[in-house]
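Note sheet for the following structure.
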Amino acid sequence: MMQEYSSEQEQIEAIKKWFRENGLAIFIGIAVGFGGLYGWQSWQSYVNKRAEEASSLYSQILVNLDNAQTASVPKATDELIENYSATPYASLAALAAAKVAAVDGNYEQAKERLQWVIDNAQQVQLVPLAKVRLARLFILEKNIDAAAALIEGVPYPASYSARVAELQGDLYSLRGETSLARSSYSTALSAALPAQNREMIQVKLDSLQPDNAEAAPAEETAESTGVTE
């Protein structure tokens, strides 16, 4: 801090000296500040442009799905994953592409898409959805160990409790543990579910075999297991 000076001239000389010693640093700081501001604005503009491009690609995927034109979905999804993986649209497209693959019976490709979401989604709320769908595919293939790794002991949001209970019922059913399967299906039915979901769970419950008799979930298709929900 500048001290008091006995005359105006001394004050002027002190100010000149202070600027000689500190002026360059001040101007550099100002320049860096303006440069940083410009750089931030440029970065924001770039990010917004990328988001718009990704949004446009994903919107076209949705249009194609609505029109049952699914052939282009895998390629558009690959483009989103390759060039826009940091946006939510890449994960959403991967979920859509997994659904298309499952309906077509290409379970390996569907599993790869879902695993990509689990490993790479920037939006954590999409991860449990991908895990549930992947577990259903494993159940469809009667791969009990792989399905159990995604369900048993894995924390899920409360909103997934009915779906997880249904999947646990599927696992118990495949293991021939009918009593436990019945309990899990009943837990799933106690939740507020759409009519179609309740109907399918009830079918599974009604189809249970006696204890220790292996019984796979009824209607073993991608649609019935909820992979395409």
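A note on labels: chains of the structure tokens are A, B, ... as shown, every chain counts residues from 1, and ligands are counted from 1 in their shown order.
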
Using only C-alpha atoms, determine which residues lie at most 9 Å from stretch 81-84 of chain A, disregarding the query and same-chain residues fewer than 2 positions distant; provide the list as a PyMOL selection string. chain A and resi 50-51+53-54+76-79+86-91+93-94

Between A:Lys142, A:Ile118, A:Ser85, A:Leu92, which residue has the minimum interatomic distance to A:Ile61, considering only C-alpha atoms? A:Leu92

Point-to-point distance from atom CA of A:Ser184 to atom CA of A:Val117, Å rounded to tenths: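 Taking atom CA of A:Ser184 and atom CA of A:Val117, their separation equals 27.1 Å.
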
Separation of atom CA of A:Ala121 and atom CA of A:Gln60, in Å?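 About the pair atom CA of A:Ala121 and atom CA of A:Gln60: they are 20.4 Å apart.
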
If we count only C-alpha atoms and set the cut-off at 8 Å, which residues sit around A:Ile139, ignoring sequence neighbours fewer than 6 positions away in its own chain? Please answer as a ChimeraX atom specification. /A:147,170-171

Go ahead and dump the residues you just picked, C-alpha atoms, as a short mmCIF file (atom, residue, chain, number, x, y, z; two decimals), in the first residue's frame.
```
data_model
loop_
_atom_site.label_atom_id
_atom_site.label_comp_id
_atom_site.auth_asym_id
_atom_site.auth_seq_id
_atom_site.Cartn_x
_atom_site.Cartn_y
_atom_site.Cartn_z
CA ALA A 147 -28.14 -61.69 -14.61
CA ASP A 170 -37.23 -64.53 -12.78
CA LEU A 171 -33.90 -65.60 -11.29
#
```

Check the DSSP output for the backbone and give back, as an MDAnalysis selection string, the residues of stretch 13-204 of chain A in alpha helix (DSSP H). chainID A and resid 13:66 73:83 88:103 107:120 126:140 144:151 161:175 178:189 195:204

Give me a file of those residues, with C-alpha atoms, as a compact mmCIF listing (two decimals), in the first residue's frame.
```txt
# COMPACT_ATOMS: atom_id res chain seq x y z
CA GLU A 13 6.73 10.23 -8.39
CA ALA A 14 5.61 7.39 -6.13
CA ILE A 15 2.70 6.58 -8.45
CA LYS A 16 5.03 6.56 -11.48
CA LYS A 17 7.43 4.24 -9.67
CA TRP A 18 4.60 1.91 -8.64
CA PHE A 19 3.36 1.65 -12.22
CA ARG A 20 6.88 1.01 -13.51
CA GLU A 21 7.20 -1.86 -11.07
CA ASN A 22 3.66 -3.26 -11.35
CA GLY A 23 2.11 -1.94 -14.55
CA LEU A 24 3.18 -4.83 -16.79
CA ALA A 25 1.66 -7.38 -14.46
CA ILE A 26 -1.60 -5.41 -14.39
CA PHE A 27 -1.84 -5.23 -18.17
CA ILE A 28 -1.00 -8.91 -18.50
CA GLY A 29 -3.72 -9.71 -15.98
CA ILE A 30 -6.25 -7.64 -17.90
CA ALA A 31 -5.25 -9.27 -21.18
CA VAL A 32 -5.48 -12.74 -19.69
CA GLY A 33 -8.86 -11.87 -18.19
CA PHE A 34 -10.26 -10.75 -21.52
CA GLY A 35 -8.63 -13.70 -23.27
CA GLY A 36 -10.13 -16.09 -20.76
CA LEU A 37 -13.55 -14.54 -21.21
CA TYR A 38 -13.29 -14.84 -24.98
CA GLY A 39 -12.01 -18.41 -24.66
CA TRP A 40 -14.90 -19.35 -22.35
CA GLN A 41 -17.45 -17.82 -24.70
CA SER A 42 -15.90 -19.66 -27.64
CA TRP A 43 -15.94 -22.92 -25.70
CA GLN A 44 -19.58 -22.45 -24.74
CA SER A 45 -20.47 -21.73 -28.35
CA TYR A 46 -18.65 -24.89 -29.43
CA VAL A 47 -20.39 -27.01 -26.79
CA ASN A 48 -23.81 -25.63 -27.75
CA LYS A 49 -23.15 -26.29 -31.43
CA ARG A 50 -22.13 -29.89 -30.69
CA ALA A 51 -25.23 -30.42 -28.55
CA GLU A 52 -27.45 -29.12 -31.35
CA GLU A 53 -25.81 -31.46 -33.87
CA ALA A 54 -26.22 -34.43 -31.53
CA SER A 55 -29.82 -33.47 -30.80
CA SER A 56 -30.58 -33.33 -34.51
CA LEU A 57 -29.14 -36.81 -35.06
CA TYR A 58 -31.07 -38.27 -32.15
CA SER A 59 -34.28 -36.57 -33.27
CA GLN A 60 -33.91 -38.28 -36.64
CA ILE A 61 -33.50 -41.62 -34.86
CA LEU A 62 -36.78 -41.04 -33.03
CA VAL A 63 -38.53 -40.12 -36.28
CA ASN A 64 -37.23 -43.30 -37.91
CA LEU A 65 -38.38 -45.39 -34.94
CA ASP A 66 -41.83 -43.84 -35.09
CA VAL A 73 -30.63 -46.56 -36.35
CA PRO A 74 -27.39 -48.52 -35.78
CA LYS A 75 -25.35 -46.26 -38.08
CA ALA A 76 -26.73 -43.06 -36.55
CA THR A 77 -26.06 -44.47 -33.09
CA ASP A 78 -22.47 -45.28 -34.02
CA GLU A 79 -22.00 -41.69 -35.21
CA LEU A 80 -23.35 -40.32 -31.94
CA ILE A 81 -21.13 -42.62 -29.90
CA GLU A 82 -18.04 -41.81 -31.96
CA ASN A 83 -18.47 -38.05 -32.22
CA PRO A 88 -26.88 -37.49 -23.36
CA TYR A 89 -28.00 -38.28 -26.91
CA ALA A 90 -25.29 -40.91 -27.38
CA SER A 91 -26.56 -42.97 -24.45
CA LEU A 92 -30.20 -42.47 -25.42
CA ALA A 93 -29.41 -43.59 -28.95
CA ALA A 94 -27.56 -46.65 -27.62
CA LEU A 95 -30.64 -47.60 -25.59
CA ALA A 96 -32.81 -47.20 -28.69
CA ALA A 97 -30.39 -49.22 -30.82
CA ALA A 98 -30.33 -51.98 -28.18
CA LYS A 99 -34.11 -52.13 -28.34
CA VAL A 100 -34.04 -52.45 -32.14
CA ALA A 101 -31.41 -55.19 -31.94
CA ALA A 102 -33.37 -57.11 -29.29
CA VAL A 103 -36.58 -57.01 -31.35
CA TYR A 107 -29.12 -60.18 -28.57
CA GLU A 108 -25.34 -59.89 -28.74
CA GLN A 109 -25.54 -56.47 -30.34
CA ALA A 110 -28.24 -55.43 -27.89
CA LYS A 111 -26.03 -56.46 -24.98
CA GLU A 112 -23.08 -54.53 -26.41
CA ARG A 113 -25.19 -51.38 -26.71
CA LEU A 114 -26.49 -51.69 -23.15
CA GLN A 115 -23.02 -52.37 -21.78
CA TRP A 116 -21.77 -49.24 -23.52
CA VAL A 117 -24.37 -47.19 -21.68
CA ILE A 118 -23.40 -48.78 -18.36
CA ASP A 119 -19.72 -48.05 -18.95
CA ASN A 120 -19.93 -44.64 -20.60
CA LEU A 126 -29.59 -43.98 -17.50
CA VAL A 127 -27.27 -46.59 -15.98
CA PRO A 128 -29.87 -48.48 -13.88
CA LEU A 129 -32.21 -48.63 -16.87
CA ALA A 130 -29.45 -50.15 -19.01
CA LYS A 131 -28.60 -52.63 -16.23
CA VAL A 132 -32.22 -53.76 -15.90
CA ARG A 133 -32.56 -54.27 -19.65
CA LEU A 134 -29.25 -56.12 -19.84
CA ALA A 135 -30.27 -58.37 -16.94
CA ARG A 136 -33.49 -59.20 -18.78
CA LEU A 137 -31.52 -60.25 -21.84
CA PHE A 138 -29.35 -62.53 -19.72
CA ILE A 139 -32.49 -64.02 -18.17
CA LEU A 140 -33.90 -64.54 -21.64
CA ILE A 144 -28.32 -66.89 -14.39
CA ASP A 145 -24.88 -65.84 -13.17
CA ALA A 146 -24.62 -62.84 -15.50
CA ALA A 147 -28.14 -61.69 -14.61
CA ALA A 148 -27.55 -62.15 -10.89
CA ALA A 149 -24.40 -60.00 -11.07
CA LEU A 150 -26.55 -57.13 -12.32
CA ILE A 151 -29.40 -57.62 -9.83
CA SER A 161 -37.99 -51.60 -6.95
CA ALA A 162 -40.83 -53.29 -8.89
CA ARG A 163 -38.63 -54.07 -11.90
CA VAL A 164 -35.85 -55.43 -9.70
CA ALA A 165 -38.35 -57.57 -7.75
CA GLU A 166 -39.67 -59.00 -11.02
CA LEU A 167 -36.15 -59.79 -12.20
CA GLN A 168 -35.33 -61.41 -8.89
CA GLY A 169 -38.46 -63.50 -9.34
CA ASP A 170 -37.23 -64.53 -12.78
CA LEU A 171 -33.90 -65.60 -11.29
CA TYR A 172 -35.57 -67.62 -8.54
CA SER A 173 -37.85 -69.20 -11.12
CA LEU A 174 -34.89 -70.26 -13.26
CA ARG A 175 -33.25 -71.73 -10.17
CA THR A 178 -40.59 -71.33 -6.52
CA SER A 179 -41.51 -69.97 -3.10
CA LEU A 180 -38.96 -67.19 -3.38
CA ALA A 181 -40.03 -66.50 -6.97
CA ARG A 182 -43.66 -66.25 -5.90
CA SER A 183 -42.73 -63.81 -3.14
CA SER A 184 -40.71 -61.62 -5.51
CA TYR A 185 -43.44 -61.55 -8.16
CA SER A 186 -46.00 -60.65 -5.48
CA THR A 187 -43.75 -57.79 -4.34
CA ALA A 188 -43.55 -56.54 -7.91
CA LEU A 189 -47.34 -56.75 -8.30
CA ALA A 195 -51.63 -52.85 -16.77
CA GLN A 196 -49.45 -54.58 -19.37
CA ASN A 197 -46.61 -55.05 -16.88
CA ARG A 198 -48.98 -56.36 -14.21
CA GLU A 199 -50.50 -58.82 -16.66
CA MET A 200 -47.10 -60.25 -17.62
CA ILE A 201 -45.97 -60.57 -14.00
CA GLN A 202 -49.23 -62.31 -13.17
CA VAL A 203 -48.63 -64.76 -16.05
CA LYS A 204 -45.19 -65.50 -14.62
```

Atom CA of A:Ser72 to atom CA of A:Gln125: how many Å, to one decimal?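 Straight-line distance from atom CA of A:Ser72 to atom CA of A:Gln125 works out to 26.3 Å.
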